[in-house]
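Colleague: Following this message is one structure expressed as structure tokens.
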Amino acid sequence: DYSVDTEMMVHVADAAGVIARYQGLRRYLALVKTPASIRVVRVLYGEETLHEQDARWPEHEFHRIRIETAGTQVRFLVDGTEIFVWKEEVLTCGGVGFLVENGVAGIRSLEVRGDINTAG
């Protein structure tokens with residue numbers, strides 16, 4: 001169980017985001033920013049969009065991205081607001097990371113903490 005918290009800015013990229021429960025290039029969960037939306041994706045030998053909502057950010061604006069994992073529960077937050085909760089029973093452990101597709105992302109901070117309590 002852990003949380004990963006970062007401040008991210010997306011520069012002219014097709015997509016950029018934060019990865020949790022990384023178990024390889026084809027096994028992870030991610031909170032991904034595209035030019036028009038924010039998406040929660042599950043990659044398990046193929047990509048599945050679990051949640052998507054409109055989100056148009058100015059190109060040079062930082063936003064706080066946070067993923068919290070506790071048991072099978074995974075919470076996805078943007079700027080302190082929960083946007084989606086997922087029950088994950090396959091990807092129950094793994095590392096953290098970043099992804100950038102065809103562009104540049106700025107990272108101002110990164111904090112990973114273990115043994116979190118997502119109940120409150």
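Note on naming: chains are A, B, ... as they come in the structure tokens, residues start from 1 per chain, ligands start from 1 in the order shown.
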Running DSSP on the backbone, which parts of region 7-69 of chain A land in strand (DSSP E or B), as an NGL selection string?
Modeller: :A and (7-11 or 15-22 or 27-33 or 37-44 or 47-54 or 63-69)
Colleague: What's the 10 Å shell around Ser3 (chain A), counting only C-alpha atoms, without same-chain residues fewer than 6 positions away, as a list of chain:residue names?
Modeller: A:Ala20, A:Arg66, A:Ile67, A:Glu68, A:Thr69, A:Ala70, A:Val74, A:Arg75, A:Phe76, A:Val96, A:Glu111, A:Val112, A:Arg113, A:Gly114, A:Asp115, A:Ile116, A:Asn117, A:Thr118
Colleague: Show which residues sit within 9 Å of region 43-51 of chain A, as a ChimeraX atom specification. Count only C-alpha atoms, and ignore same-chain residues fewer than 6 positions away.
Modeller: /A:25-30,83-84,86,90-91
Colleague: Just write the chosen residues, all heavy atoms, as a JSON list (two decimals), in the first residue's frame.
Modeller:
[["chain", "number", "residue", "atom", "x", "y", "z"],
["A", 25, "LEU", "N", 6.03, -3.16, -18.80],
["A", 25, "LEU", "CA", 5.49, -2.25, -19.81],
["A", 25, "LEU", "C", 4.04, -2.52, -20.18],
["A", 25, "LEU", "O", 3.37, -1.65, -20.71],
["A", 25, "LEU", "CB", 6.35, -2.31, -21.08],
["A", 25, "LEU", "CG", 7.78, -1.79, -20.93],
["A", 25, "LEU", "CD1", 8.56, -2.02, -22.22],
["A", 25, "LEU", "CD2", 7.76, -0.32, -20.55],
["A", 26, "ARG", "N", 3.54, -3.68, -19.88],
["A", 26, "ARG", "CA", 2.18, -4.03, -20.26],
["A", 26, "ARG", "C", 1.31, -4.39, -19.06],
["A", 26, "ARG", "O", 0.29, -5.06, -19.22],
["A", 26, "ARG", "CB", 2.22, -5.16, -21.28],
["A", 26, "ARG", "CG", 2.96, -4.72, -22.54],
["A", 26, "ARG", "CD", 3.09, -5.80, -23.56],
["A", 26, "ARG", "NE", 1.75, -6.22, -23.99],
["A", 26, "ARG", "CZ", 1.52, -7.33, -24.68],
["A", 26, "ARG", "NH1", 2.51, -8.11, -25.02],
["A", 26, "ARG", "NH2", 0.30, -7.65, -25.02],
["A", 27, "ARG", "N", 1.72, -3.93, -17.86],
["A", 27, "ARG", "CA", 0.95, -4.22, -16.64],
["A", 27, "ARG", "C", 1.10, -3.06, -15.66],
["A", 27, "ARG", "O", 2.07, -2.97, -14.94],
["A", 27, "ARG", "CB", 1.47, -5.51, -15.99],
["A", 27, "ARG", "CG", 1.21, -6.77, -16.79],
["A", 27, "ARG", "CD", 1.89, -7.98, -16.15],
["A", 27, "ARG", "NE", 1.48, -8.22, -14.78],
["A", 27, "ARG", "CZ", 0.46, -9.00, -14.41],
["A", 27, "ARG", "NH1", -0.25, -9.63, -15.30],
["A", 27, "ARG", "NH2", 0.18, -9.16, -13.13],
["A", 28, "TYR", "N", 0.07, -2.17, -15.62],
["A", 28, "TYR", "CA", 0.09, -1.05, -14.68],
["A", 28, "TYR", "C", -1.24, -0.32, -14.70],
["A", 28, "TYR", "O", -2.09, -0.52, -15.58],
["A", 28, "TYR", "CB", 1.22, -0.06, -15.00],
["A", 28, "TYR", "CG", 1.17, 0.56, -16.38],
["A", 28, "TYR", "CD1", 0.41, 1.70, -16.63],
["A", 28, "TYR", "CD2", 1.89, 0.02, -17.44],
["A", 28, "TYR", "CE1", 0.36, 2.29, -17.88],
["A", 28, "TYR", "CE2", 1.85, 0.59, -18.69],
["A", 28, "TYR", "CZ", 1.09, 1.72, -18.91],
["A", 28, "TYR", "OH", 1.04, 2.30, -20.17],
["A", 29, "LEU", "N", -1.43, 0.57, -13.71],
["A", 29, "LEU", "CA", -2.54, 1.52, -13.66],
["A", 29, "LEU", "C", -1.94, 2.91, -13.83],
["A", 29, "LEU", "O", -0.81, 3.16, -13.37],
["A", 29, "LEU", "CB", -3.26, 1.43, -12.32],
["A", 29, "LEU", "CG", -3.90, 0.10, -11.99],
["A", 29, "LEU", "CD1", -4.31, 0.05, -10.53],
["A", 29, "LEU", "CD2", -5.12, -0.13, -12.88],
["A", 30, "ALA", "N", -2.68, 3.83, -14.45],
["A", 30, "ALA", "CA", -2.13, 5.18, -14.64],
["A", 30, "ALA", "C", -3.22, 6.23, -14.68],
["A", 30, "ALA", "O", -4.35, 5.96, -15.09],
["A", 30, "ALA", "CB", -1.33, 5.23, -15.94],
["A", 83, "ILE", "N", -11.28, 11.83, -8.45],
["A", 83, "ILE", "CA", -12.01, 11.72, -9.71],
["A", 83, "ILE", "C", -12.49, 10.30, -10.00],
["A", 83, "ILE", "O", -13.40, 10.11, -10.80],
["A", 83, "ILE", "CB", -11.19, 12.26, -10.90],
["A", 83, "ILE", "CG1", -9.94, 11.44, -11.14],
["A", 83, "ILE", "CG2", -10.88, 13.74, -10.73],
["A", 83, "ILE", "CD1", -9.32, 11.66, -12.50],
["A", 84, "PHE", "N", -11.88, 9.31, -9.33],
["A", 84, "PHE", "CA", -12.27, 7.93, -9.62],
["A", 84, "PHE", "C", -11.70, 7.00, -8.55],
["A", 84, "PHE", "O", -10.61, 7.24, -8.04],
["A", 84, "PHE", "CB", -11.74, 7.52, -10.99],
["A", 84, "PHE", "CG", -12.26, 6.20, -11.49],
["A", 84, "PHE", "CD1", -13.59, 6.02, -11.81],
["A", 84, "PHE", "CD2", -11.41, 5.12, -11.65],
["A", 84, "PHE", "CE1", -14.08, 4.81, -12.28],
["A", 84, "PHE", "CE2", -11.87, 3.89, -12.12],
["A", 84, "PHE", "CZ", -13.21, 3.74, -12.44],
["A", 86, "TRP", "N", -11.20, 2.72, -8.00],
["A", 86, "TRP", "CA", -11.22, 1.46, -8.73],
["A", 86, "TRP", "C", -10.86, 0.32, -7.78],
["A", 86, "TRP", "O", -9.97, 0.47, -6.94],
["A", 86, "TRP", "CB", -10.22, 1.52, -9.88],
["A", 86, "TRP", "CG", -10.02, 0.25, -10.63],
["A", 86, "TRP", "CD1", -8.91, -0.54, -10.60],
["A", 86, "TRP", "CD2", -10.91, -0.37, -11.55],
["A", 86, "TRP", "NE1", -9.06, -1.61, -11.44],
["A", 86, "TRP", "CE2", -10.30, -1.53, -12.04],
["A", 86, "TRP", "CE3", -12.19, -0.06, -12.01],
["A", 86, "TRP", "CZ2", -10.90, -2.39, -12.96],
["A", 86, "TRP", "CZ3", -12.79, -0.89, -12.93],
["A", 86, "TRP", "CH2", -12.14, -2.04, -13.39],
["A", 90, "VAL", "N", -6.15, -7.77, -9.74],
["A", 90, "VAL", "CA", -5.03, -8.44, -10.41],
["A", 90, "VAL", "C", -3.72, -7.71, -10.13],
["A", 90, "VAL", "O", -2.75, -8.31, -9.68],
["A", 90, "VAL", "CB", -5.28, -8.54, -11.93],
["A", 90, "VAL", "CG1", -4.06, -9.14, -12.63],
["A", 90, "VAL", "CG2", -6.52, -9.37, -12.21],
["A", 91, "LEU", "N", -3.69, -6.41, -10.38],
["A", 91, "LEU", "CA", -2.49, -5.60, -10.16],
["A", 91, "LEU", "C", -2.51, -5.09, -8.72],
["A", 91, "LEU", "O", -2.92, -3.97, -8.43],
["A", 91, "LEU", "CB", -2.44, -4.43, -11.15],
["A", 91, "LEU", "CG", -2.43, -4.81, -12.62],
["A", 91, "LEU", "CD1", -2.63, -3.58, -13.49],
["A", 91, "LEU", "CD2", -1.13, -5.51, -12.97]]
Colleague: Give me, please, the distance in Å between CA of Ala15 (chain A) and CA of Val100 (chain A), quoted to one decimal.
Modeller: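 If I compute the distance from CA of Ala15 (chain A) to CA of Val100 (chain A), I get 5.8 Å.
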Colleague: List the neighbours of Asn102 (chain A) out to 9 Å using only C-alpha atoms; skip same-chain residues closer than 6 positions along the sequence, and give me the result as a ChimeraX atom specification.
Modeller: /A:12-16
Colleague: Restricted to all heavy atoms, what would the selected residues look like written as a JSON list (two decimals), in the first residue's frame?
Modeller:
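Saved file again-v7.json follows:
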[["chain", "number", "residue", "atom", "x", "y", "z"],
["A", 12, "VAL", "N", 3.01, 20.12, -24.78],
["A", 12, "VAL", "CA", 2.82, 19.64, -26.15],
["A", 12, "VAL", "C", 3.05, 18.13, -26.27],
["A", 12, "VAL", "O", 3.88, 17.67, -27.03],
["A", 12, "VAL", "CB", 3.74, 20.39, -27.13],
["A", 12, "VAL", "CG1", 3.30, 20.15, -28.57],
["A", 12, "VAL", "CG2", 3.76, 21.87, -26.85],
["A", 13, "ALA", "N", 2.34, 17.36, -25.49],
["A", 13, "ALA", "CA", 2.47, 15.90, -25.52],
["A", 13, "ALA", "C", 1.12, 15.29, -25.88],
["A", 13, "ALA", "O", 0.07, 15.85, -25.56],
["A", 13, "ALA", "CB", 2.94, 15.37, -24.17],
["A", 14, "ASP", "N", 1.16, 14.14, -26.52],
["A", 14, "ASP", "CA", -0.08, 13.41, -26.80],
["A", 14, "ASP", "C", -0.70, 12.93, -25.49],
["A", 14, "ASP", "O", -1.92, 12.89, -25.36],
["A", 14, "ASP", "CB", 0.18, 12.22, -27.71],
["A", 14, "ASP", "CG", 0.54, 12.63, -29.13],
["A", 14, "ASP", "OD1", 0.34, 13.81, -29.49],
["A", 14, "ASP", "OD2", 1.02, 11.77, -29.88],
["A", 15, "ALA", "N", 0.14, 12.54, -24.54],
["A", 15, "ALA", "CA", -0.33, 12.09, -23.23],
["A", 15, "ALA", "C", 0.85, 12.07, -22.27],
["A", 15, "ALA", "O", 1.98, 11.86, -22.67],
["A", 15, "ALA", "CB", -0.93, 10.69, -23.33],
["A", 16, "ALA", "N", 0.56, 12.31, -20.99],
["A", 16, "ALA", "CA", 1.57, 12.22, -19.93],
["A", 16, "ALA", "C", 0.85, 11.90, -18.64],
["A", 16, "ALA", "O", -0.29, 12.31, -18.44],
["A", 16, "ALA", "CB", 2.34, 13.53, -19.80]]
Colleague: In Å, rounded to a single decimal, give me how far CA of Met8 (chain A) is from CA of Glu61 (chain A).
Modeller: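 Calculated distance between CA of Glu61 (chain A) and CA of Met8 (chain A) is 8.2 Å.
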Colleague: Return the single residue from A:Ser109, A:Phe98, A:Gln23, A:Gly103 that is closest to Val10 (chain A), with distances computed using only C-alpha atoms.
Modeller: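 Checking each candidate against Val10 (chain A), we get A:Gly103 as the closest.
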Colleague: Take CA of Val85 (chain A) and CA of Glu7 (chain A) and report the distance between them in Å, one decimal.
Modeller: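 These atoms are spaced 20.2 Å apart.
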Colleague: Identify which of the residues A:Ile107, A:Tyr2, A:Ile65, A:Val41 lies closest to Thr81 (chain A), counting only C-alpha atoms when measuring atom-to-atom distances.
Modeller: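 Between A:Ile107, A:Tyr2, A:Ile65, A:Val41, the residue approaching Thr81 (chain A) most closely is A:Ile65.
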Colleague: Between A:Gly71, A:Pro58, A:Gly80, A:Gly94, which has the minimum distance to Arg21 (chain A) (counting only C-alpha atoms)?
Modeller: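 Using only C-alpha atoms, Arg21 (chain A) sits closest to A:Gly94.
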Colleague: From the set A:Ala105, A:Ala36, A:Val78, A:Leu99, which residue has the shortest atom-to-atom contact distance to His63 (chain A), counting only C-alpha atoms?
Modeller: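 Going through A:Ala105, A:Ala36, A:Val78, A:Leu99 one by one, the smallest distance to His63 (chain A) is for A:Val78.
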Colleague: Calculated over only C-alpha atoms, which of the candidates A:Lys33, A:Arg42, A:His11, A:Arg64 has the smallest distance to Leu110 (chain A)?
Modeller: A:Arg64
